[in-house]
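Have a look at start-v2.csv below; it lists CSV, C-alpha atoms.
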chain,number,residue,atom,x,y,z
A,1,MET,CA,-9.3,26.0,40.0
A,2,SER,CA,-13.0,25.1,39.8
A,3,THR,CA,-14.6,23.7,36.7
A,4,PHE,CA,-17.9,24.4,35.0
A,5,PRO,CA,-20.8,22.1,36.0
A,6,ASP,CA,-21.5,19.1,33.7
A,7,GLY,CA,-24.6,19.5,31.6
A,8,ASN,CA,-26.8,22.6,31.6
A,9,PHE,CA,-26.4,25.3,34.3
A,10,THR,CA,-27.6,28.8,35.3
A,11,ILE,CA,-25.3,31.8,35.9
A,12,VAL,CA,-26.6,34.1,38.7
A,13,ASN,CA,-24.9,37.2,40.1
A,14,ASP,CA,-24.4,36.8,43.8
A,15,GLU,CA,-24.8,40.6,44.5
A,16,THR,CA,-27.6,41.7,42.2
A,17,GLY,CA,-29.6,38.4,41.8
A,18,ARG,CA,-29.8,38.9,38.1
A,19,CYS,CA,-28.9,35.9,35.8
A,20,VAL,CA,-27.4,35.6,32.4
A,21,ARG,CA,-30.2,35.0,29.8
A,22,VAL,CA,-30.7,34.8,26.1
A,23,ARG,CA,-33.5,36.4,24.1
A,24,LEU,CA,-34.2,34.5,20.9
A,25,GLY,CA,-34.6,36.4,17.7
A,26,ARG,CA,-38.0,36.1,16.1
A,27,THR,CA,-38.4,34.3,12.7
A,28,GLN,CA,-40.1,36.3,10.0
A,29,ASP,CA,-41.8,34.9,7.0
A,30,LEU,CA,-40.5,36.7,3.9
A,31,SER,CA,-42.0,34.3,1.4
A,32,ASP,CA,-43.1,35.9,-1.9
A,33,TRP,CA,-45.1,35.0,-5.0
A,34,GLN,CA,-43.4,35.3,-8.3
A,35,ALA,CA,-44.9,34.1,-11.6
A,36,GLY,CA,-47.6,32.1,-9.8
A,37,THR,CA,-45.1,30.3,-7.6
A,38,LYS,CA,-44.6,30.9,-3.9
A,39,TYR,CA,-41.0,31.0,-2.9
A,40,LEU,CA,-40.6,30.2,0.8
A,41,GLN,CA,-38.1,32.2,2.8
A,42,HIS,CA,-37.8,32.6,6.6
A,43,VAL,CA,-35.3,34.9,8.3
A,44,THR,CA,-34.4,34.5,11.9
A,45,GLU,CA,-33.2,37.5,13.9
A,46,LYS,CA,-30.0,37.2,15.9
A,47,PRO,CA,-30.4,36.2,19.6
A,48,THR,CA,-29.3,38.7,22.2
A,49,LEU,CA,-27.7,38.5,25.6
A,50,GLU,CA,-29.2,40.1,28.7
A,51,LEU,CA,-29.3,40.0,32.4
A,52,GLY,CA,-32.7,39.4,34.0
A,53,GLU,CA,-35.0,37.3,36.1
A,54,PRO,CA,-33.6,33.9,37.2
A,55,ASP,CA,-36.9,32.2,36.5
A,56,GLY,CA,-35.4,28.8,35.6
A,57,SER,CA,-36.7,29.0,32.0
A,58,PRO,CA,-34.6,27.6,29.1
A,59,ALA,CA,-33.5,31.1,28.4
A,60,THR,CA,-31.3,30.9,31.5
A,61,ALA,CA,-29.7,27.6,30.6
A,62,TRP,CA,-26.1,27.3,29.4
A,63,TRP,CA,-23.5,24.6,28.8
A,64,PHE,CA,-19.7,24.5,28.6
A,65,SER,CA,-18.1,23.4,25.4
A,66,THR,CA,-14.7,21.8,25.5
A,67,ILE,CA,-14.7,20.7,21.9
A,68,ASP,CA,-11.3,21.1,20.4
A,69,ASP,CA,-10.7,24.2,18.2
A,70,ALA,CA,-8.9,22.8,15.1
A,71,VAL,CA,-7.5,26.3,14.2
A,72,GLU,CA,-6.0,27.3,17.6
A,73,ARG,CA,-5.5,23.6,18.7
A,74,HIS,CA,-7.1,24.3,22.1
A,75,PRO,CA,-10.5,23.5,23.6
A,76,PHE,CA,-13.1,26.2,22.7
A,77,ASN,CA,-14.1,26.6,26.4
A,78,GLN,CA,-17.2,28.4,25.3
A,79,ILE,CA,-20.3,29.2,27.4
A,80,VAL,CA,-23.1,28.1,25.0
A,81,SER,CA,-26.8,28.8,25.0
A,82,HIS,CA,-29.0,25.8,25.5
A,83,ALA,CA,-32.1,27.7,24.2
A,84,VAL,CA,-30.6,28.8,20.9
A,85,GLY,CA,-29.6,25.3,20.0
A,86,GLU,CA,-32.9,23.8,21.2
A,87,TYR,CA,-35.4,26.3,19.7
A,88,GLN,CA,-33.7,27.9,16.6
A,89,ASN,CA,-32.1,26.3,13.6
A,90,ILE,CA,-29.2,28.7,13.4
A,91,GLY,CA,-26.4,26.6,15.0
A,92,ASN,CA,-25.0,27.0,18.5
A,93,HIS,CA,-24.3,30.5,19.8
A,94,CYS,CA,-22.2,31.4,22.8
A,95,VAL,CA,-21.1,34.4,24.9
A,96,TRP,CA,-18.6,36.7,23.2
A,97,LEU,CA,-16.8,39.7,24.7
A,98,ASP,CA,-15.5,42.6,22.6
A,99,LEU,CA,-13.0,45.2,23.6
A,100,GLN,CA,-14.0,48.6,22.3
A,101,SER,CA,-11.0,50.0,20.3
A,102,HIS,CA,-12.4,53.3,19.2
A,103,PRO,CA,-12.3,56.1,21.8
A,104,THR,CA,-15.6,57.8,22.6
A,105,ALA,CA,-16.3,61.4,23.7
A,106,GLU,CA,-16.4,60.0,27.3
A,107,ASP,CA,-12.9,58.5,26.8
A,108,ARG,CA,-11.6,61.8,25.6
A,109,ARG,CA,-13.2,63.7,28.5
A,110,ARG,CA,-11.5,61.4,31.0
A,111,ALA,CA,-8.2,61.9,29.3
A,112,ALA,CA,-8.7,65.7,29.3
A,113,ASP,CA,-9.5,65.6,33.1
A,114,GLU,CA,-6.3,63.5,33.7
A,115,PHE,CA,-4.2,65.9,31.6
A,116,ARG,CA,-5.6,69.0,33.4
A,117,ARG,CA,-4.7,67.4,36.8
A,118,LYS,CA,-1.2,66.6,35.5
A,119,LEU,CA,-0.7,70.2,34.4
A,120,ASN,CA,-2.0,71.5,37.7
A,121,ASP,CA,0.5,69.3,39.6
A,122,MET,CA,3.5,70.9,37.9
A,123,PRO,CA,6.1,72.3,40.4
A,124,GLY,CA,5.5,75.9,41.4
A,125,ASN,CA,8.7,77.2,39.7
A,126,LEU,CA,7.7,75.5,36.5
A,127,LYS,CA,4.2,77.1,36.7
A,128,GLU,CA,5.7,80.5,37.1
A,129,LYS,CA,8.1,79.9,34.2
A,130,LEU,CA,5.3,78.9,31.8
A,131,ALA,CA,2.8,81.5,33.0
A,132,VAL,CA,4.5,84.1,30.8
A,133,LEU,CA,3.1,82.2,27.8
A,134,LEU,CA,-0.5,82.9,28.6
A,135,PRO,CA,-2.1,85.2,26.1
A,136,ALA,CA,-3.3,88.6,27.2
A,137,ALA,CA,-6.8,88.0,26.0
A,138,PHE,CA,-7.1,84.9,28.2
A,139,LEU,CA,-5.8,86.8,31.2
A,140,THR,CA,-8.4,89.4,30.7
A,141,GLU,CA,-11.1,86.8,30.5
A,142,ALA,CA,-9.8,85.0,33.6
A,143,GLU,CA,-9.9,88.2,35.5
A,144,THR,CA,-13.5,88.7,34.5
A,145,GLU,CA,-14.5,85.2,35.5
A,146,LEU,CA,-12.4,84.7,38.6
A,147,GLY,CA,-11.9,88.2,39.8
A,148,ALA,CA,-8.9,90.5,40.0
A,149,ASP,CA,-7.6,88.8,43.2
A,150,ALA,CA,-7.5,85.3,41.7
A,151,SER,CA,-4.3,83.4,42.5
A,152,LEU,CA,-1.9,82.0,39.9
A,153,PRO,CA,-3.0,78.4,40.6
A,154,GLU,CA,-6.6,79.4,40.0
A,155,VAL,CA,-5.8,81.2,36.7
A,156,LEU,CA,-3.7,78.3,35.6
A,157,ASP,CA,-6.4,75.7,36.4
A,158,LEU,CA,-8.7,77.6,34.1
A,159,TRP,CA,-6.0,77.7,31.4
A,160,HIS,CA,-5.1,74.1,31.8
A,161,GLY,CA,-8.8,73.1,31.4
A,162,TYR,CA,-8.8,75.1,28.1
A,163,CYS,CA,-5.6,73.5,26.9
A,164,ALA,CA,-6.8,70.0,27.8
A,165,SER,CA,-10.1,70.5,26.0
A,166,LEU,CA,-8.2,71.5,22.8
A,167,LYS,CA,-5.9,68.5,23.2
A,168,PHE,CA,-8.8,66.0,23.7
A,169,PRO,CA,-11.8,67.6,22.0
A,170,GLN,CA,-15.1,65.8,22.6
A,171,GLN,CA,-16.7,67.5,19.6
A,172,ASN,CA,-15.6,69.7,16.7
A,173,ILE,CA,-14.6,73.1,18.0
A,174,GLU,CA,-14.5,76.1,15.6
A,175,GLU,CA,-12.3,78.9,16.9
A,176,GLU,CA,-12.7,82.3,15.2
A,177,ASP,CA,-9.6,83.6,17.0
A,178,LEU,CA,-6.6,81.4,16.5
A,179,GLU,CA,-4.6,83.2,19.2
A,180,GLY,CA,-5.9,80.9,21.9
A,181,PRO,CA,-5.2,77.6,20.2
A,182,GLU,CA,-1.8,78.7,19.1
A,183,ALA,CA,-0.9,80.0,22.5
A,184,ALA,CA,-2.2,76.7,24.1
A,185,GLN,CA,0.0,74.7,21.7
A,186,SER,CA,3.1,76.8,22.5
A,187,TYR,CA,2.3,76.3,26.2
A,188,LEU,CA,1.9,72.5,25.8
A,189,ASP,CA,5.1,72.3,23.8
A,190,ALA,CA,7.0,74.1,26.5
A,191,ALA,CA,5.5,71.7,29.1
A,192,ALA,CA,6.5,68.7,27.1
A,193,GLU,CA,10.1,69.9,27.1
A,194,GLU,CA,9.9,69.8,30.9
A,195,GLY,CA,8.6,66.2,30.7
A,196,ILE,CA,4.8,67.0,31.0
A,197,HIS,CA,3.1,64.9,28.3
A,198,PRO,CA,-0.6,64.3,27.6
A,199,PRO,CA,-1.9,60.8,28.6
A,200,ALA,CA,-3.0,58.2,26.1
A,201,VAL,CA,-6.7,58.0,25.5
A,202,LYS,CA,-8.0,54.8,27.1
A,203,ALA,CA,-10.9,53.0,25.4
A,204,ASP,CA,-11.2,50.3,28.0
A,205,ARG,CA,-14.9,49.5,27.9
A,206,THR,CA,-16.1,46.1,26.8
A,207,SER,CA,-19.4,44.7,25.6
A,208,THR,CA,-20.9,41.2,25.4
A,209,ARG,CA,-23.0,39.6,22.8
A,210,MET,CA,-24.3,36.3,21.4
A,211,TYR,CA,-22.5,35.0,18.4
A,212,GLY,CA,-21.9,31.8,16.5
A,213,CYS,CA,-19.7,29.2,18.2
A,214,GLY,CA,-17.9,28.4,14.9
A,215,ALA,CA,-16.6,31.9,14.2
A,216,SER,CA,-13.0,32.8,14.6
A,217,ARG,CA,-11.9,35.3,17.3
A,218,GLY,CA,-10.9,38.7,16.0
A,219,LYS,CA,-8.1,40.7,17.5
A,220,ASN,CA,-10.4,42.4,20.0
A,221,SER,CA,-12.9,39.6,20.8
A,222,THR,CA,-12.9,36.5,22.9
A,223,TYR,CA,-15.2,33.6,23.6
A,224,ARG,CA,-12.9,31.5,25.7
A,225,TRP,CA,-13.8,31.4,29.5
A,226,ALA,CA,-12.6,30.2,32.8
A,227,TYR,CA,-14.3,29.9,36.2
A,228,ASP,CA,-12.6,29.9,39.6
A,229,GLY,CA,-15.7,29.2,41.6
A,230,THR,CA,-16.4,32.9,42.0
A,231,HIS,CA,-15.4,34.8,38.9
A,232,ILE,CA,-15.8,34.2,35.2
A,233,TYR,CA,-13.0,35.6,33.1
A,234,GLY,CA,-11.1,35.2,29.8
A,235,ALA,CA,-9.2,31.9,29.8
A,236,ASP,CA,-6.3,33.5,27.8
A,237,SER,CA,-5.0,36.9,26.7
A,238,LYS,CA,-4.4,36.0,23.0
A,239,THR,CA,-7.0,38.5,21.7
A,240,VAL,CA,-8.2,40.4,24.8
A,241,PRO,CA,-6.1,40.9,28.0
A,242,SER,CA,-7.6,38.4,30.5
A,243,GLU,CA,-7.4,40.9,33.3
A,244,ARG,CA,-10.0,43.1,31.5
A,245,THR,CA,-12.5,40.4,31.0
A,246,TYR,CA,-14.0,39.7,34.5
A,247,TRP,CA,-17.7,39.3,34.0
A,248,THR,CA,-19.5,42.2,35.8
A,249,ASP,CA,-23.1,43.1,36.3
A,250,ASP,CA,-22.8,46.8,35.5
A,251,GLY,CA,-26.3,48.2,36.2
A,252,GLY,CA,-28.0,45.4,34.4
A,253,TYR,CA,-25.5,45.1,31.6
A,254,LEU,CA,-23.0,42.3,31.3
A,255,VAL,CA,-19.5,43.7,30.6
A,256,GLY,CA,-15.9,42.8,31.3
A,257,LYS,CA,-13.8,44.8,33.8
A,258,ASN,CA,-10.7,44.5,35.8
A,259,LYS,CA,-11.0,42.3,38.8
A,260,GLY,CA,-12.0,43.8,42.1
A,261,GLY,CA,-15.2,45.8,41.6
A,262,PRO,CA,-18.8,45.2,42.5
A,263,GLY,CA,-21.1,42.8,40.6
A,264,GLN,CA,-18.3,40.3,39.8
A,265,THR,CA,-19.2,37.2,41.8
A,266,TRP,CA,-21.3,34.5,40.1
A,267,THR,CA,-22.8,31.2,41.1
A,268,LEU,CA,-23.2,28.4,38.6
A,269,ALA,CA,-25.9,25.8,39.4
A,270,SER,CA,-27.3,22.9,37.5
A,271,TRP,CA,-30.4,23.5,35.5
A,272,LYS,CA,-33.3,21.2,34.9
A,273,PRO,CA,-36.1,21.6,32.3
A,274,PRO,CA,-39.3,22.9,33.8
A,275,ALA,CA,-42.3,20.5,34.0
A,276,PRO,CA,-44.3,20.1,30.7
A,277,GLN,CA,-47.3,22.4,30.3
A,278,SER,CA,-50.6,21.1,29.1
A,279,ASP,CA,-51.4,24.5,27.3
A,280,PRO,CA,-49.0,24.8,24.3
A,281,VAL,CA,-49.4,28.6,24.2
A,282,LYS,CA,-48.5,28.9,27.8
A,283,ALA,CA,-45.7,26.4,27.4
A,284,ILE,CA,-44.0,28.6,24.8
A,285,ALA,CA,-44.6,31.7,26.9
A,286,LEU,CA,-43.0,30.1,30.0
A,287,THR,CA,-39.8,29.4,28.1
A,288,GLY,CA,-39.0,33.0,28.9
A,289,LEU,CA,-37.4,33.4,25.5
A,290,PHE,CA,-39.4,36.2,23.9
A,291,GLY,CA,-39.5,38.8,26.7
A,292,PRO,CA,-42.5,40.8,28.1
A,293,ILE,CA,-45.1,39.7,25.5
A,294,ALA,CA,-44.4,36.0,26.3
A,295,ASN,CA,-44.6,36.7,30.0
A,296,LEU,CA,-47.9,38.4,29.5
A,297,LEU,CA,-49.3,35.4,27.6
A,298,GLY,CA,-48.0,33.0,30.2
A,299,SER,CA,-49.6,34.8,33.1

Structure rendered as structure tokens:
Amino acid sequence: MSTFPDGNFTIVNDETGRCVRVRLGRTQDLSDWQAGTKYLQHVTEKPTLELGEPDGSPATAWWFSTIDDAVERHPFNQIVSHAVGEYQNIGNHCVWLDLQSHPTAEDRRRAADEFRRKLNDMPGNLKEKLAVLLPAAFLTEAETELGADASLPEVLDLWHGYCASLKFPQQNIEEEDLEGPEAAQSYLDAAAEEGIHPPAVKADRTSTRMYGCGASRGKNSTYRWAYDGTHIYGADSKTVPSERTYWTDDGGYLVGKNKGGPGQTWTLASWKPPAPQSDPVKAIALTGLFGPIANLLGS
């Protein structure tokens, strides 16, 4: 098992060349005058996590925290942003991963496709047995759409798609004629008696974010990481299954996935501060912390 480098380091994806970066939130002056007195108030936006150019700026620098967690009685093992701690007075922030627990329309669509295939794979004798439950109105519609010579598997594929879409709706469906939904439910009940059940909806996507190092993990979040020299992944499965946390560059977004896909190999290398700039405006721009505007100023 490889360990994280000592001191600050960069995290670069071997396949895409993109590196893990932070973008600092801007500080806004919300000071106001009341009764002749100016009350000072500054609000700093939250930093955000992104994948981008490995330019060696402080935005690309991280360090590994092994401070003991007094609550869980275990080292935090957090990947902490150097830039947030150095440039913003909001405390240390690290990389968090959240497991999305609420199914989306895409999750339901996938479940519907899986259920349709499952119904289509029923044995031929079972298909013939359940085919008598198809409503006459649907058979007429199927003949119009598929032709009078359509085979039973073709008709049933159309019917199974309809049943699956009712079982896993991606949006609210208003049916004027209740014969179709009622017939579909009777069909699915009969299939269930034969052991054909709908799959569970899987909401298996994850997202990453910057958040405070001192916060407690929720039931669907983790900040505790391990590195084996190639992959970065959850150091335990207490809150999120470790096998679903492998850092992945998914089209320019840092997410967690099961091990084995593209965009999952990372190189950690020591980071050194860039040489001081004589121009203070350019020096701030070259930190790489504030995105395209800063890059323009630094050019």

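When all atoms listed in the file are used to measure the gap to A:Gly52, the shortest distance among A:Ser216, A:Ile11, A:His74, A:Leu130 belongs to A:Ile11.
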
Under the rule that only C-alpha atoms are counted, which of A:Glu53, A:Asp6, A:Glu45, A:Asp69 is the nearest residue to A:Cys213? A:Asp69

12 Å contact set for A:Leu139, all atoms listed in the file, chain neighbours under 4 positions out, as a PyMOL selection string: chain A and resi 131-135+143-148+150-152+154-156+158-159+180

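Once A:Leu126 and its same-chain neighbours fewer than 3 positions away are set aside, A:Leu119, A:Asn120, A:Asp121, A:Met122, A:Pro123, A:Lys129, A:Leu130, A:Ala131, A:Val132, A:Leu133, A:Pro153, A:Leu156, A:Tyr187, A:Ala190, A:Ala191, A:Ala192, A:Glu193, A:Glu194, A:Gly195, A:Ile196 remain within 12 Å of it when counting all atoms listed in the file.
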
Selected residue, from A:Thr60, A:Thr104, A:Thr10, A:Asn77, that lies nearest to A:Ala269 when counting all atoms listed in the file: A:Thr10

Atom pair atom CA of A:Gly252 / atom CA of A:Cys94: separation (Å): 19.1 Å

Determine, for each residue of stretch 2-114 of chain A having at least one atom at most 7 Å from an atom of stretch 197-201 of chain A, the closest pair of atoms and their separation in Å to one decimal, counting all atoms listed in the file; order by chain and ascending number, as a tab-separated table.
residue	atom	partner	partner_atom	distance
A:Pro103	CA	A:Val201	CA	7.0
A:Asp107	CA	A:Val201	CA	6.4
A:Arg108	CA	A:Val201	CA	6.2
A:Ala111	CA	A:Val201	CA	5.6

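Compared by their closest atoms to A:Pro274, and using all atoms listed in the file, the residues A:Gly25, A:Pro58, A:Gly229, A:Gly7 rank with A:Pro58 nearest.
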
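Going from atom CA of A:Asp98 over to atom CA of A:Arg23, you cover 19.1 Å.
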
Report as a PyMOL selection string all protein, DNA and RNA residues lying within 9 Å of A:Lys46, evaluated on all atoms listed in the file, omitting residues in the same chain fewer than 2 positions from it. chain A and resi 23-26+44+48+90+210-211

Residues near A:Asn220, anyone? I mean within 10 Å using all atoms listed in the file, not counting same-chain ones fewer than 4 positions away, as number ranges by chain. A: 97-101, 206, 238-241

Taking N, CA and C atoms as the atom set, what does stretch 256-280 of chain A look like once completed, written as an mmCIF file, keeping the file's coordinate frame?
data_model
loop_
_atom_site.group_PDB
_atom_site.id
_atom_site.type_symbol
_atom_site.label_atom_id
_atom_site.label_comp_id
_atom_site.auth_asym_id
_atom_site.auth_seq_id
_atom_site.Cartn_x
_atom_site.Cartn_y
_atom_site.Cartn_z
ATOM 1 N N GLY A 256 -17.154 43.292 30.708
ATOM 2 C CA GLY A 256 -15.900 42.800 31.300
ATOM 3 C C GLY A 256 -15.139 43.968 31.898
ATOM 4 N N LYS A 257 -14.599 43.768 33.101
ATOM 5 C CA LYS A 257 -13.800 44.800 33.800
ATOM 6 C C LYS A 257 -12.615 44.171 34.463
ATOM 7 N N ASN A 258 -11.755 45.024 34.989
ATOM 8 C CA ASN A 258 -10.700 44.500 35.800
ATOM 9 C C ASN A 258 -11.219 43.937 37.097
ATOM 10 N N LYS A 259 -10.550 42.960 37.627
ATOM 11 C CA LYS A 259 -11.000 42.300 38.800
ATOM 12 C C LYS A 259 -10.977 43.210 40.036
ATOM 13 N N GLY A 260 -12.017 43.098 40.876
ATOM 14 C CA GLY A 260 -12.000 43.800 42.100
ATOM 15 C C GLY A 260 -13.192 44.740 42.370
ATOM 16 N N GLY A 261 -14.052 44.956 41.382
ATOM 17 C CA GLY A 261 -15.200 45.800 41.600
ATOM 18 C C GLY A 261 -16.437 45.099 41.973
ATOM 19 N N PRO A 262 -17.535 45.831 42.175
ATOM 20 C CA PRO A 262 -18.800 45.200 42.500
ATOM 21 C C PRO A 262 -19.423 44.456 41.337
ATOM 22 N N GLY A 263 -20.319 43.527 41.642
ATOM 23 C CA GLY A 263 -21.100 42.800 40.600
ATOM 24 C C GLY A 263 -20.266 41.779 39.857
ATOM 25 N N GLN A 264 -19.208 41.227 40.470
ATOM 26 C CA GLN A 264 -18.300 40.300 39.800
ATOM 27 C C GLN A 264 -18.367 38.877 40.275
ATOM 28 N N THR A 265 -19.195 38.570 41.274
ATOM 29 C CA THR A 265 -19.200 37.200 41.800
ATOM 30 C C THR A 265 -20.454 36.484 41.260
ATOM 31 N N TRP A 266 -20.236 35.256 40.800
ATOM 32 C CA TRP A 266 -21.300 34.500 40.100
ATOM 33 C C TRP A 266 -21.374 33.074 40.674
ATOM 34 N N THR A 267 -22.593 32.575 40.730
ATOM 35 C CA THR A 267 -22.800 31.200 41.100
ATOM 36 C C THR A 267 -23.392 30.419 39.944
ATOM 37 N N LEU A 268 -22.783 29.276 39.657
ATOM 38 C CA LEU A 268 -23.200 28.400 38.600
ATOM 39 C C LEU A 268 -23.909 27.188 39.221
ATOM 40 N N ALA A 269 -25.158 26.941 38.856
ATOM 41 C CA ALA A 269 -25.900 25.800 39.400
ATOM 42 C C ALA A 269 -26.565 25.022 38.322
ATOM 43 N N SER A 270 -26.690 23.736 38.555
ATOM 44 C CA SER A 270 -27.300 22.900 37.500
ATOM 45 C C SER A 270 -28.708 23.296 37.210
ATOM 46 N N TRP A 271 -29.058 23.168 35.924
ATOM 47 C CA TRP A 271 -30.400 23.500 35.500
ATOM 48 C C TRP A 271 -31.139 22.310 34.990
ATOM 49 N N LYS A 272 -32.409 22.242 35.358
ATOM 50 C CA LYS A 272 -33.300 21.200 34.900
ATOM 51 C C LYS A 272 -34.458 21.737 34.158
ATOM 52 N N PRO A 273 -34.915 21.070 33.100
ATOM 53 C CA PRO A 273 -36.100 21.600 32.300
ATOM 54 C C PRO A 273 -37.287 21.721 33.215
ATOM 55 N N PRO A 274 -38.101 22.770 32.995
ATOM 56 C CA PRO A 274 -39.300 22.900 33.800
ATOM 57 C C PRO A 274 -40.330 21.810 33.383
ATOM 58 N N ALA A 275 -41.283 21.566 34.253
ATOM 59 C CA ALA A 275 -42.300 20.500 34.000
ATOM 60 C C ALA A 275 -43.091 20.881 32.764
ATOM 61 N N PRO A 276 -43.480 19.871 31.962
ATOM 62 C CA PRO A 276 -44.300 20.100 30.700
ATOM 63 C C PRO A 276 -45.578 20.834 31.047
ATOM 64 N N GLN A 277 -46.002 21.711 30.134
ATOM 65 C CA GLN A 277 -47.300 22.400 30.300
ATOM 66 C C GLN A 277 -48.311 21.830 29.364
ATOM 67 N N SER A 278 -49.526 21.697 29.879
ATOM 68 C CA SER A 278 -50.600 21.100 29.100
ATOM 69 C C SER A 278 -51.081 22.120 28.011
ATOM 70 N N ASP A 279 -50.969 23.411 28.287
ATOM 71 C CA ASP A 279 -51.400 24.500 27.300
ATOM 72 C C ASP A 279 -50.173 24.805 26.476
ATOM 73 N N PRO A 280 -50.179 24.505 25.169
ATOM 74 C CA PRO A 280 -49.000 24.800 24.300
ATOM 75 C C PRO A 280 -48.640 26.227 24.227
#
